[in-house]
Amino acid sequence: MDGFGVYIHIPFCRRKCFYCDFPSHAGEEALMRRYREALCRDIAAKGSFCLSEGSVRTVYIGGGTPTALLPDDLLAVIAAVRESFRLTGAEEFTVEANPGTVDAALLTHLRTAGVNRLSFGVQSFSDTLLSAIGRIHTAEEAEDAVRMARQAGFRVSLDLMYGLPGQTLADVEDSVARTAALDVGHISAYGLAVEDGTPFARMEAEGRLGLPTDEACGDMYDYITQELPRLGYLRYEISNYAKEGEESRHNLAYWQDVPYIGIGAAAHSYWQGRRTENEAGLRRYIACIEEGRSPAREEEPPSRESHMEEFAFLALRTATGVDKRRFCETFGCAIREVYGEAIGRLQAAGLVEESAESIRLTALGMKFGNRVFEEFLLERDEVHGEE
Ligand code: SF4
């Protein structure tokens with residue numbers, strides 16, 4: 001195996017943002033110490049299990065908000081990763097951070113502990129919008145946190161959102177300009193999706209969310225996709241932009257079908273072709289570890305067709321697209337044998353382009369990705385056509 005990724009999930013936040021349906025909890029501070037202890041035990045067990053499988057390429061501690069933990073707890077988790085896995089040669093060690101939960105002392109500790117990349121959820125540089133979406137920090141705190149992180153020697157990524165309630169194109173322009181002025185290496189830009197069960201879903205149902213029109217969201221999208229490359233951030237995935245060499249190696253590996261081990265409540269793993277998902281409930285996850293039971297539940301083994309679909313979906317999200325040779329090596333047939341008609345239709349619509357090496361989205365295809373992905377869904381009966 002040519003290396004693998006490690007993902008650690010920290011399911012705590014100071015407060016839930018109004019749009020968020022990620023597996024994270026606010027108001028569970030009393031469980032943090034038990035979670036840390038359970039997590040460290042699980043990390044040690046997974047480390048021994050993976051030891052014969054080569055070295056770790058990347059580590060990503062995400063959430064939730066890892067920096068919502070007490071510094072001692074977060075540093076203990078990082079130490080457990082370093083002790084349990086072979087990290088020599090690991091290229092990237094990322095921790096997600098909320099600008100409202102970091103200070104210079106914590107950043108110094110993280111850097112000394114071997115973390116070399118921070119990913120800040122900032123979303124906007126408008127205080128009005130930050131408050132309207134439930135963020136706990138101000139724009140100025142975000143700028144201070146990013147500056148401190150850069151001074152401490154981290155590679156920095158920053159998340160922005162567009163299509164927020166009450167947001168205008170001018171807000172997006174301002175956020176992009178202030179992000180670029182911070183000279184971060186990596187920017188993720190996500191359109192708001194109103195997810196079931198969130199406060200935003202309830203507000204929308206009551207007609208009081210005040211989302212921008214589709215046309216206004218389209219203008220924001222067009223601005224971001226044109227302005228970031230102009231500022232030197234190349235779009236290497238549908239939602240991700242980086243200066244040269246600043247791409248997220250960890251996320252690129254997800255999109256390139258590389259194995260990873262996920263540790264913690266609700267974490268997913270992709271290991272030796274099998275997918276598992278950990279117990280999502282915080283207390284249930286802790287109980288599994290404390291009682292010596294596995295928290296992992298095996299997902300239904302993917303059929304060959306669903307593996308093909310997923311392989312194509314994930315690779316199409318990237319600027320390099322689907323590597324035809326890797327598709328052939330993985331599935332024993334040329335991509336055109338499976339998707340020839342779909343590729344023809346999408347080429348005619350200007351949504352994908354093909355070279356000798358790859359099939360990839362055009363700029364139009366990136367904008368209307370869902371139309372492309374629909375075409376890559378396989379009709380099960382056709383695949384088993386001879387039956
Ligand atoms: S900080 Fe991140 S994980 Fe936590 S509630 Fe907000 S969006 Fe969700």
# chains A, B, ... in the order shown; residues from 1 in each chain; ligands from 1
>>> residues_near_ligand(ligand="ligand 1", cutoff="8 Å", atoms="only C-alpha atoms and all ligand atoms", output="PDB file with N, CA, C and O atoms, in the first residue's frame")
ATOM      1  N   PRO A  11     -15.896  16.006  17.906  1.00  0.00           N
ATOM      2  CA  PRO A  11     -17.300  16.379  17.671  1.00  0.00           C
ATOM      3  C   PRO A  11     -17.840  17.436  18.628  1.00  0.00           C
ATOM      4  O   PRO A  11     -18.970  17.316  19.110  1.00  0.00           O
ATOM      5  N   PHE A  12     -17.053  18.457  18.922  1.00  0.00           N
ATOM      6  CA  PHE A  12     -17.505  19.508  19.843  1.00  0.00           C
ATOM      7  C   PHE A  12     -17.413  20.872  19.167  1.00  0.00           C
ATOM      8  O   PHE A  12     -16.484  21.128  18.398  1.00  0.00           O
ATOM      9  N   CYS A  13     -18.377  21.741  19.480  1.00  0.00           N
ATOM     10  CA  CYS A  13     -18.305  23.146  19.056  1.00  0.00           C
ATOM     11  C   CYS A  13     -18.781  23.996  20.218  1.00  0.00           C
ATOM     12  O   CYS A  13     -19.561  23.529  21.048  1.00  0.00           O
ATOM     13  N   ARG A  14     -18.328  25.240  20.255  1.00  0.00           N
ATOM     14  CA  ARG A  14     -18.802  26.129  21.321  1.00  0.00           C
ATOM     15  C   ARG A  14     -20.303  26.371  21.161  1.00  0.00           C
ATOM     16  O   ARG A  14     -21.045  26.454  22.106  1.00  0.00           O
ATOM     17  N   ARG A  15     -20.707  26.522  19.894  1.00  0.00           N
ATOM     18  CA  ARG A  15     -22.113  26.781  19.604  1.00  0.00           C
ATOM     19  C   ARG A  15     -22.381  26.244  18.206  1.00  0.00           C
ATOM     20  O   ARG A  15     -21.461  26.244  17.380  1.00  0.00           O
ATOM     21  N   LYS A  16     -23.600  25.797  17.936  1.00  0.00           N
ATOM     22  CA  LYS A  16     -23.887  25.304  16.585  1.00  0.00           C
ATOM     23  C   LYS A  16     -24.185  26.483  15.659  1.00  0.00           C
ATOM     24  O   LYS A  16     -25.041  27.333  15.966  1.00  0.00           O
ATOM     25  N   CYS A  17     -23.500  26.526  14.530  1.00  0.00           N
ATOM     26  CA  CYS A  17     -23.840  27.528  13.516  1.00  0.00           C
ATOM     27  C   CYS A  17     -25.209  27.153  12.934  1.00  0.00           C
ATOM     28  O   CYS A  17     -25.571  25.977  12.889  1.00  0.00           O
ATOM     29  N   PHE A  18     -25.940  28.147  12.452  1.00  0.00           N
ATOM     30  CA  PHE A  18     -27.347  27.918  12.119  1.00  0.00           C
ATOM     31  C   PHE A  18     -27.540  27.065  10.862  1.00  0.00           C
ATOM     32  O   PHE A  18     -28.632  26.589  10.589  1.00  0.00           O
ATOM     33  N   TYR A  19     -26.475  26.910  10.079  1.00  0.00           N
ATOM     34  CA  TYR A  19     -26.589  26.150   8.820  1.00  0.00           C
ATOM     35  C   TYR A  19     -26.022  24.737   8.964  1.00  0.00           C
ATOM     36  O   TYR A  19     -26.091  23.949   8.019  1.00  0.00           O
ATOM     37  N   CYS A  20     -25.462  24.407  10.130  1.00  0.00           N
ATOM     38  CA  CYS A  20     -24.562  23.247  10.209  1.00  0.00           C
ATOM     39  C   CYS A  20     -25.285  21.950  10.549  1.00  0.00           C
ATOM     40  O   CYS A  20     -26.005  21.875  11.546  1.00  0.00           O
ATOM     41  N   ASP A  21     -25.061  20.922   9.726  1.00  0.00           N
ATOM     42  CA  ASP A  21     -25.575  19.595  10.079  1.00  0.00           C
ATOM     43  C   ASP A  21     -24.427  18.592  10.233  1.00  0.00           C
ATOM     44  O   ASP A  21     -24.620  17.398  10.118  1.00  0.00           O
ATOM     45  N   PHE A  22     -23.221  19.094  10.470  1.00  0.00           N
ATOM     46  CA  PHE A  22     -22.090  18.179  10.703  1.00  0.00           C
ATOM     47  C   PHE A  22     -22.268  17.488  12.052  1.00  0.00           C
ATOM     48  O   PHE A  22     -22.922  18.037  12.948  1.00  0.00           O
ATOM     49  N   PRO A  23     -21.644  16.321  12.215  1.00  0.00           N
ATOM     50  CA  PRO A  23     -21.737  15.646  13.510  1.00  0.00           C
ATOM     51  C   PRO A  23     -20.885  16.353  14.569  1.00  0.00           C
ATOM     52  O   PRO A  23     -19.706  16.055  14.739  1.00  0.00           O
ATOM     53  N   SER A  24     -21.481  17.341  15.219  1.00  0.00           N
ATOM     54  CA  SER A  24     -20.781  18.070  16.277  1.00  0.00           C
ATOM     55  C   SER A  24     -21.818  18.537  17.291  1.00  0.00           C
ATOM     56  O   SER A  24     -22.989  18.728  16.948  1.00  0.00           O
ATOM     57  N   HIS A  25     -21.386  18.707  18.532  1.00  0.00           N
ATOM     58  CA  HIS A  25     -22.305  19.024  19.615  1.00  0.00           C
ATOM     59  C   HIS A  25     -21.828  20.260  20.369  1.00  0.00           C
ATOM     60  O   HIS A  25     -20.639  20.413  20.611  1.00  0.00           O
ATOM     61  N   ALA A  26     -22.789  21.092  20.748  1.00  0.00           N
ATOM     62  CA  ALA A  26     -22.478  22.219  21.633  1.00  0.00           C
ATOM     63  C   ALA A  26     -23.032  21.884  23.021  1.00  0.00           C
ATOM     64  O   ALA A  26     -23.994  21.128  23.144  1.00  0.00           O
ATOM     65  N   GLY A  63     -13.633  18.455  12.517  1.00  0.00           N
ATOM     66  CA  GLY A  63     -14.760  18.405  13.442  1.00  0.00           C
ATOM     67  C   GLY A  63     -16.042  18.857  12.777  1.00  0.00           C
ATOM     68  O   GLY A  63     -16.160  18.786  11.560  1.00  0.00           O
ATOM     69  N   GLY A  64     -16.938  19.403  13.616  1.00  0.00           N
ATOM     70  CA  GLY A  64     -16.626  19.968  14.908  1.00  0.00           C
ATOM     71  C   GLY A  64     -15.530  21.034  14.861  1.00  0.00           C
ATOM     72  O   GLY A  64     -15.144  21.529  13.812  1.00  0.00           O
ATOM     73  N   THR A  65     -15.053  21.313  16.033  1.00  0.00           N
ATOM     74  CA  THR A  65     -14.001  22.311  16.206  1.00  0.00           C
ATOM     75  C   THR A  65     -12.912  21.735  17.100  1.00  0.00           C
ATOM     76  O   THR A  65     -13.046  21.774  18.331  1.00  0.00           O
ATOM     77  N   ASN A  98     -11.390  27.196  14.684  1.00  0.00           N
ATOM     78  CA  ASN A  98     -12.338  28.301  14.627  1.00  0.00           C
ATOM     79  C   ASN A  98     -11.597  29.536  15.146  1.00  0.00           C
ATOM     80  O   ASN A  98     -10.962  29.471  16.202  1.00  0.00           O
ATOM     81  N   GLY A 121     -12.288  27.980   9.601  1.00  0.00           N
ATOM     82  CA  GLY A 121     -13.630  28.293   9.122  1.00  0.00           C
ATOM     83  C   GLY A 121     -13.885  29.764   9.402  1.00  0.00           C
ATOM     84  O   GLY A 121     -13.996  30.159  10.555  1.00  0.00           O
ATOM     85  N   GLY A 134     -24.633  32.563  12.858  1.00  0.00           N
ATOM     86  CA  GLY A 134     -24.356  31.904  14.138  1.00  0.00           C
ATOM     87  C   GLY A 134     -22.897  31.652  14.432  1.00  0.00           C
ATOM     88  O   GLY A 134     -22.582  30.840  15.303  1.00  0.00           O
ATOM     89  N   ARG A 135     -21.996  32.323  13.730  1.00  0.00           N
ATOM     90  CA  ARG A 135     -20.566  32.130  14.027  1.00  0.00           C
ATOM     91  C   ARG A 135     -20.224  32.822  15.356  1.00  0.00           C
ATOM     92  O   ARG A 135     -20.855  33.807  15.727  1.00  0.00           O
TER      93      ARG A 135
END
>>> residues_around(residues="segment 161-164 of chain A", least_positions_apart="4", cutoff="10 Å", atoms="only C-alpha atoms", output="NGL selection string")
:A and (19 or 121-124 or 129-130 or 132-133 or 168-169 or 171-172 or 175 or 188-194 or 209-214 or 216-221 or 224)
>>> write_last_selection(atoms="N, CA, C and O atoms", output="tab-separated table (two decimals), in the first residue's frame")
chain	number	residue	atom	x	y	z
A	19	TYR	N	-26.47	26.91	10.08
A	19	TYR	CA	-26.59	26.15	8.82
A	19	TYR	C	-26.02	24.74	8.96
A	19	TYR	O	-26.09	23.95	8.02
A	121	GLY	N	-12.29	27.98	9.60
A	121	GLY	CA	-13.63	28.29	9.12
A	121	GLY	C	-13.88	29.76	9.40
A	121	GLY	O	-14.00	30.16	10.55
A	122	VAL	N	-13.93	30.57	8.36
A	122	VAL	CA	-14.17	32.01	8.55
A	122	VAL	C	-15.54	32.37	7.95
A	122	VAL	O	-16.35	33.05	8.57
A	123	GLN	N	-15.78	31.95	6.74
A	123	GLN	CA	-17.06	32.05	6.02
A	123	GLN	C	-17.34	33.44	5.45
A	123	GLN	O	-17.80	33.57	4.34
A	124	SER	N	-17.07	34.51	6.21
A	124	SER	CA	-17.33	35.86	5.69
A	124	SER	C	-16.54	36.85	6.54
A	124	SER	O	-16.18	36.55	7.68
A	129	LEU	N	-23.10	39.43	8.78
A	129	LEU	CA	-23.37	38.08	8.26
A	129	LEU	C	-22.89	37.01	9.23
A	129	LEU	O	-23.57	35.99	9.44
A	130	LEU	N	-21.72	37.22	9.83
A	130	LEU	CA	-21.20	36.22	10.78
A	130	LEU	C	-22.20	36.00	11.91
A	130	LEU	O	-22.48	34.87	12.31
A	132	ALA	N	-25.41	36.62	11.69
A	132	ALA	CA	-26.66	36.06	11.13
A	132	ALA	C	-26.57	34.55	10.88
A	132	ALA	O	-27.59	33.88	10.80
A	133	ILE	N	-25.35	34.03	10.74
A	133	ILE	CA	-25.23	32.58	10.49
A	133	ILE	C	-24.77	31.82	11.75
A	133	ILE	O	-24.54	30.63	11.71
A	168	THR	N	-24.71	40.04	-0.19
A	168	THR	CA	-24.71	40.67	-1.50
A	168	THR	C	-23.39	40.36	-2.20
A	168	THR	O	-22.43	39.91	-1.56
A	169	LEU	N	-23.36	40.68	-3.49
A	169	LEU	CA	-22.11	40.48	-4.24
A	169	LEU	C	-21.00	41.34	-3.62
A	169	LEU	O	-19.85	40.91	-3.53
A	171	ASP	N	-20.56	42.04	-0.52
A	171	ASP	CA	-20.02	41.32	0.65
A	171	ASP	C	-19.01	40.28	0.21
A	171	ASP	O	-17.95	40.11	0.83
A	172	VAL	N	-19.34	39.55	-0.85
A	172	VAL	CA	-18.44	38.50	-1.34
A	172	VAL	C	-17.15	39.13	-1.84
A	172	VAL	O	-16.05	38.63	-1.55
A	175	SER	N	-15.06	40.01	1.12
A	175	SER	CA	-14.48	38.84	1.80
A	175	SER	C	-13.32	38.26	0.99
A	175	SER	O	-12.29	37.87	1.56
A	188	SER	N	-11.14	27.57	0.47
A	188	SER	CA	-12.30	26.77	0.07
A	188	SER	C	-13.50	27.70	0.02
A	188	SER	O	-13.67	28.52	0.93
A	189	ALA	N	-14.30	27.59	-1.04
A	189	ALA	CA	-15.47	28.46	-1.17
A	189	ALA	C	-16.70	27.59	-1.42
A	189	ALA	O	-16.76	26.88	-2.42
A	190	TYR	N	-17.64	27.63	-0.48
A	190	TYR	CA	-18.81	26.76	-0.55
A	190	TYR	C	-20.07	27.60	-0.67
A	190	TYR	O	-20.23	28.60	0.03
A	191	GLY	N	-20.98	27.15	-1.53
A	191	GLY	CA	-22.31	27.75	-1.57
A	191	GLY	C	-23.14	27.19	-0.42
A	191	GLY	O	-23.02	26.01	-0.08
A	192	LEU	N	-23.96	28.04	0.21
A	192	LEU	CA	-24.80	27.56	1.31
A	192	LEU	C	-25.80	26.53	0.80
A	192	LEU	O	-26.47	26.75	-0.21
A	193	ALA	N	-25.90	25.42	1.49
A	193	ALA	CA	-26.97	24.45	1.24
A	193	ALA	C	-27.79	24.40	2.52
A	193	ALA	O	-27.23	24.24	3.61
A	194	VAL	N	-29.09	24.58	2.40
A	194	VAL	CA	-29.95	24.54	3.60
A	194	VAL	C	-30.26	23.08	3.90
A	194	VAL	O	-30.92	22.39	3.13
A	209	LEU	N	-35.97	33.28	5.93
A	209	LEU	CA	-34.52	33.10	5.85
A	209	LEU	C	-33.86	34.20	5.00
A	209	LEU	O	-32.75	34.61	5.29
A	210	GLY	N	-34.56	34.65	3.99
A	210	GLY	CA	-34.03	35.78	3.20
A	210	GLY	C	-32.80	35.43	2.38
A	210	GLY	O	-31.81	36.18	2.37
A	211	LEU	N	-32.86	34.28	1.69
A	211	LEU	CA	-31.72	33.90	0.84
A	211	LEU	C	-31.62	34.80	-0.38
A	211	LEU	O	-32.64	35.29	-0.87
A	212	PRO	N	-30.42	35.02	-0.91
A	212	PRO	CA	-30.30	35.75	-2.18
A	212	PRO	C	-30.97	34.95	-3.30
A	212	PRO	O	-31.13	33.73	-3.19
A	213	THR	N	-31.33	35.64	-4.36
A	213	THR	CA	-31.96	34.93	-5.50
A	213	THR	C	-30.93	34.02	-6.17
A	213	THR	O	-29.71	34.18	-5.99
A	214	ASP	N	-31.45	33.07	-6.99
A	214	ASP	CA	-30.53	32.19	-7.73
A	214	ASP	C	-29.60	33.01	-8.61
A	214	ASP	O	-28.42	32.70	-8.76
A	216	ALA	N	-28.52	36.08	-8.09
A	216	ALA	CA	-27.49	36.73	-7.26
A	216	ALA	C	-26.44	35.70	-6.83
A	216	ALA	O	-25.23	35.98	-6.84
A	217	CYS	N	-26.90	34.47	-6.48
A	217	CYS	CA	-25.93	33.42	-6.10
A	217	CYS	C	-25.04	33.08	-7.30
A	217	CYS	O	-23.83	32.86	-7.13
A	218	GLY	N	-25.63	33.05	-8.49
A	218	GLY	CA	-24.85	32.78	-9.71
A	218	GLY	C	-23.78	33.86	-9.91
A	218	GLY	O	-22.64	33.55	-10.27
A	219	ASP	N	-24.14	35.12	-9.64
A	219	ASP	CA	-23.15	36.20	-9.77
A	219	ASP	C	-22.02	36.03	-8.76
A	219	ASP	O	-20.85	36.28	-9.07
A	220	MET	N	-22.38	35.62	-7.54
A	220	MET	CA	-21.33	35.41	-6.51
A	220	MET	C	-20.40	34.28	-6.95
A	220	MET	O	-19.18	34.37	-6.83
A	221	TYR	N	-21.01	33.20	-7.44
A	221	TYR	CA	-20.22	32.05	-7.91
A	221	TYR	C	-19.28	32.51	-9.03
A	221	TYR	O	-18.07	32.20	-9.01
A	224	ILE	N	-16.36	34.58	-7.69
A	224	ILE	CA	-15.35	33.79	-6.96
A	224	ILE	C	-14.51	32.98	-7.95
A	224	ILE	O	-13.28	32.94	-7.85
>>> select_by_dssp(residues="segment 170-345 of chain A", states="strand (DSSP E or B)", output="MDAnalysis selection string")
chainID A and resid 186:191 234:237 240:242 260:263 268:271 274:278 296:298 318 322:323
>>> residues_around(residues="Phe125 of chain A", least_positions_apart="6", cutoff="12 Å", atoms="only C-alpha atoms", output="number ranges by chain")
A: 99, 131, 135, 137-143, 158-162, 167, 170-180, 182
>>> closest_residue(among="A:Asn116, A:Gln256, A:Thr94, A:Ser48", to="Ile8 of chain A", atoms="only C-alpha atoms")
A:Thr94
>>> select_by_dssp(residues="segment 106-206 of chain A", states="helix (DSSP H, G or I)", output="number ranges by chain")
A: 106-112, 127-132, 139-151, 169-181, 199-205
>>> closest_residue(among="A:Gly344, A:Gly207, A:Gly153, A:Gly332", to="Val372 of chain A", atoms="only C-alpha atoms")
A:Gly344
>>> decode(residues="segment 208-219 of chain A", atoms="all heavy atoms", output="PDB file, in the first residue's frame")
ATOM      1  N   ARG A 208     -38.677  33.084   6.468  1.00  0.00           N
ATOM      2  CA  ARG A 208     -37.954  34.235   7.021  1.00  0.00           C
ATOM      3  C   ARG A 208     -36.438  34.064   6.963  1.00  0.00           C
ATOM      4  O   ARG A 208     -35.716  34.592   7.786  1.00  0.00           O
ATOM      5  CB  ARG A 208     -38.409  34.556   8.447  1.00  0.00           C
ATOM      6  CG  ARG A 208     -38.350  33.399   9.393  1.00  0.00           C
ATOM      7  CD  ARG A 208     -38.942  33.704  10.758  1.00  0.00           C
ATOM      8  NE  ARG A 208     -38.711  32.609  11.650  1.00  0.00           N
ATOM      9  CZ  ARG A 208     -37.659  32.492  12.450  1.00  0.00           C
ATOM     10  NH1 ARG A 208     -36.738  33.435  12.473  1.00  0.00           N
ATOM     11  NH2 ARG A 208     -37.507  31.434  13.222  1.00  0.00           N
ATOM     12  N   LEU A 209     -35.974  33.281   5.934  1.00  0.00           N
ATOM     13  CA  LEU A 209     -34.516  33.104   5.851  1.00  0.00           C
ATOM     14  C   LEU A 209     -33.859  34.204   5.005  1.00  0.00           C
ATOM     15  O   LEU A 209     -32.745  34.614   5.287  1.00  0.00           O
ATOM     16  CB  LEU A 209     -34.191  31.708   5.290  1.00  0.00           C
ATOM     17  CG  LEU A 209     -32.723  31.309   5.329  1.00  0.00           C
ATOM     18  CD1 LEU A 209     -32.157  31.406   6.735  1.00  0.00           C
ATOM     19  CD2 LEU A 209     -32.527  29.885   4.809  1.00  0.00           C
ATOM     20  N   GLY A 210     -34.562  34.651   3.988  1.00  0.00           N
ATOM     21  CA  GLY A 210     -34.028  35.776   3.196  1.00  0.00           C
ATOM     22  C   GLY A 210     -32.803  35.434   2.378  1.00  0.00           C
ATOM     23  O   GLY A 210     -31.812  36.179   2.371  1.00  0.00           O
ATOM     24  N   LEU A 211     -32.857  34.280   1.687  1.00  0.00           N
ATOM     25  CA  LEU A 211     -31.716  33.901   0.842  1.00  0.00           C
ATOM     26  C   LEU A 211     -31.620  34.797  -0.377  1.00  0.00           C
ATOM     27  O   LEU A 211     -32.641  35.286  -0.869  1.00  0.00           O
ATOM     28  CB  LEU A 211     -31.891  32.450   0.360  1.00  0.00           C
ATOM     29  CG  LEU A 211     -31.791  31.359   1.427  1.00  0.00           C
ATOM     30  CD1 LEU A 211     -32.100  30.001   0.816  1.00  0.00           C
ATOM     31  CD2 LEU A 211     -30.410  31.367   2.064  1.00  0.00           C
ATOM     32  N   PRO A 212     -30.420  35.017  -0.912  1.00  0.00           N
ATOM     33  CA  PRO A 212     -30.299  35.751  -2.182  1.00  0.00           C
ATOM     34  C   PRO A 212     -30.971  34.954  -3.301  1.00  0.00           C
ATOM     35  O   PRO A 212     -31.127  33.734  -3.191  1.00  0.00           O
ATOM     36  CB  PRO A 212     -28.787  35.829  -2.409  1.00  0.00           C
ATOM     37  CG  PRO A 212     -28.128  35.295  -1.193  1.00  0.00           C
ATOM     38  CD  PRO A 212     -29.133  34.568  -0.374  1.00  0.00           C
ATOM     39  N   THR A 213     -31.328  35.636  -4.362  1.00  0.00           N
ATOM     40  CA  THR A 213     -31.959  34.935  -5.497  1.00  0.00           C
ATOM     41  C   THR A 213     -30.932  34.016  -6.168  1.00  0.00           C
ATOM     42  O   THR A 213     -29.711  34.183  -5.986  1.00  0.00           O
ATOM     43  CB  THR A 213     -32.437  35.950  -6.551  1.00  0.00           C
ATOM     44  OG1 THR A 213     -31.267  36.652  -7.032  1.00  0.00           O
ATOM     45  CG2 THR A 213     -33.446  36.933  -5.981  1.00  0.00           C
ATOM     46  N   ASP A 214     -31.445  33.073  -6.990  1.00  0.00           N
ATOM     47  CA  ASP A 214     -30.532  32.186  -7.732  1.00  0.00           C
ATOM     48  C   ASP A 214     -29.596  33.013  -8.605  1.00  0.00           C
ATOM     49  O   ASP A 214     -28.416  32.698  -8.757  1.00  0.00           O
ATOM     50  CB  ASP A 214     -31.324  31.219  -8.625  1.00  0.00           C
ATOM     51  CG  ASP A 214     -32.011  30.150  -7.795  1.00  0.00           C
ATOM     52  OD1 ASP A 214     -31.706  30.047  -6.588  1.00  0.00           O
ATOM     53  OD2 ASP A 214     -32.868  29.443  -8.350  1.00  0.00           O
ATOM     54  N   GLU A 215     -30.146  34.070  -9.183  1.00  0.00           N
ATOM     55  CA  GLU A 215     -29.327  34.909 -10.071  1.00  0.00           C
ATOM     56  C   GLU A 215     -28.186  35.573  -9.278  1.00  0.00           C
ATOM     57  O   GLU A 215     -27.026  35.586  -9.715  1.00  0.00           O
ATOM     58  CB  GLU A 215     -30.213  35.969 -10.725  1.00  0.00           C
ATOM     59  CG  GLU A 215     -29.538  36.643 -11.880  1.00  0.00           C
ATOM     60  CD  GLU A 215     -30.346  37.831 -12.385  1.00  0.00           C
ATOM     61  OE1 GLU A 215     -31.475  38.041 -11.919  1.00  0.00           O
ATOM     62  OE2 GLU A 215     -29.789  38.551 -13.232  1.00  0.00           O
ATOM     63  N   ALA A 216     -28.524  36.079  -8.087  1.00  0.00           N
ATOM     64  CA  ALA A 216     -27.488  36.725  -7.258  1.00  0.00           C
ATOM     65  C   ALA A 216     -26.436  35.696  -6.832  1.00  0.00           C
ATOM     66  O   ALA A 216     -25.232  35.982  -6.838  1.00  0.00           O
ATOM     67  CB  ALA A 216     -28.130  37.375  -6.034  1.00  0.00           C
ATOM     68  N   CYS A 217     -26.900  34.472  -6.478  1.00  0.00           N
ATOM     69  CA  CYS A 217     -25.929  33.424  -6.098  1.00  0.00           C
ATOM     70  C   CYS A 217     -25.036  33.083  -7.298  1.00  0.00           C
ATOM     71  O   CYS A 217     -23.828  32.856  -7.130  1.00  0.00           O
ATOM     72  CB  CYS A 217     -26.655  32.160  -5.628  1.00  0.00           C
ATOM     73  SG  CYS A 217     -27.449  32.375  -4.034  1.00  0.00           S
ATOM     74  N   GLY A 218     -25.633  33.051  -8.494  1.00  0.00           N
ATOM     75  CA  GLY A 218     -24.846  32.782  -9.707  1.00  0.00           C
ATOM     76  C   GLY A 218     -23.782  33.856  -9.911  1.00  0.00           C
ATOM     77  O   GLY A 218     -22.638  33.555 -10.272  1.00  0.00           O
ATOM     78  N   ASP A 219     -24.139  35.116  -9.638  1.00  0.00           N
ATOM     79  CA  ASP A 219     -23.154  36.204  -9.775  1.00  0.00           C
ATOM     80  C   ASP A 219     -22.017  36.033  -8.765  1.00  0.00           C
ATOM     81  O   ASP A 219     -20.849  36.277  -9.069  1.00  0.00           O
ATOM     82  CB  ASP A 219     -23.828  37.571  -9.564  1.00  0.00           C
ATOM     83  CG  ASP A 219     -24.759  37.925 -10.712  1.00  0.00           C
ATOM     84  OD1 ASP A 219     -24.672  37.268 -11.775  1.00  0.00           O
ATOM     85  OD2 ASP A 219     -25.594  38.837 -10.533  1.00  0.00           O
TER      86      ASP A 219
END
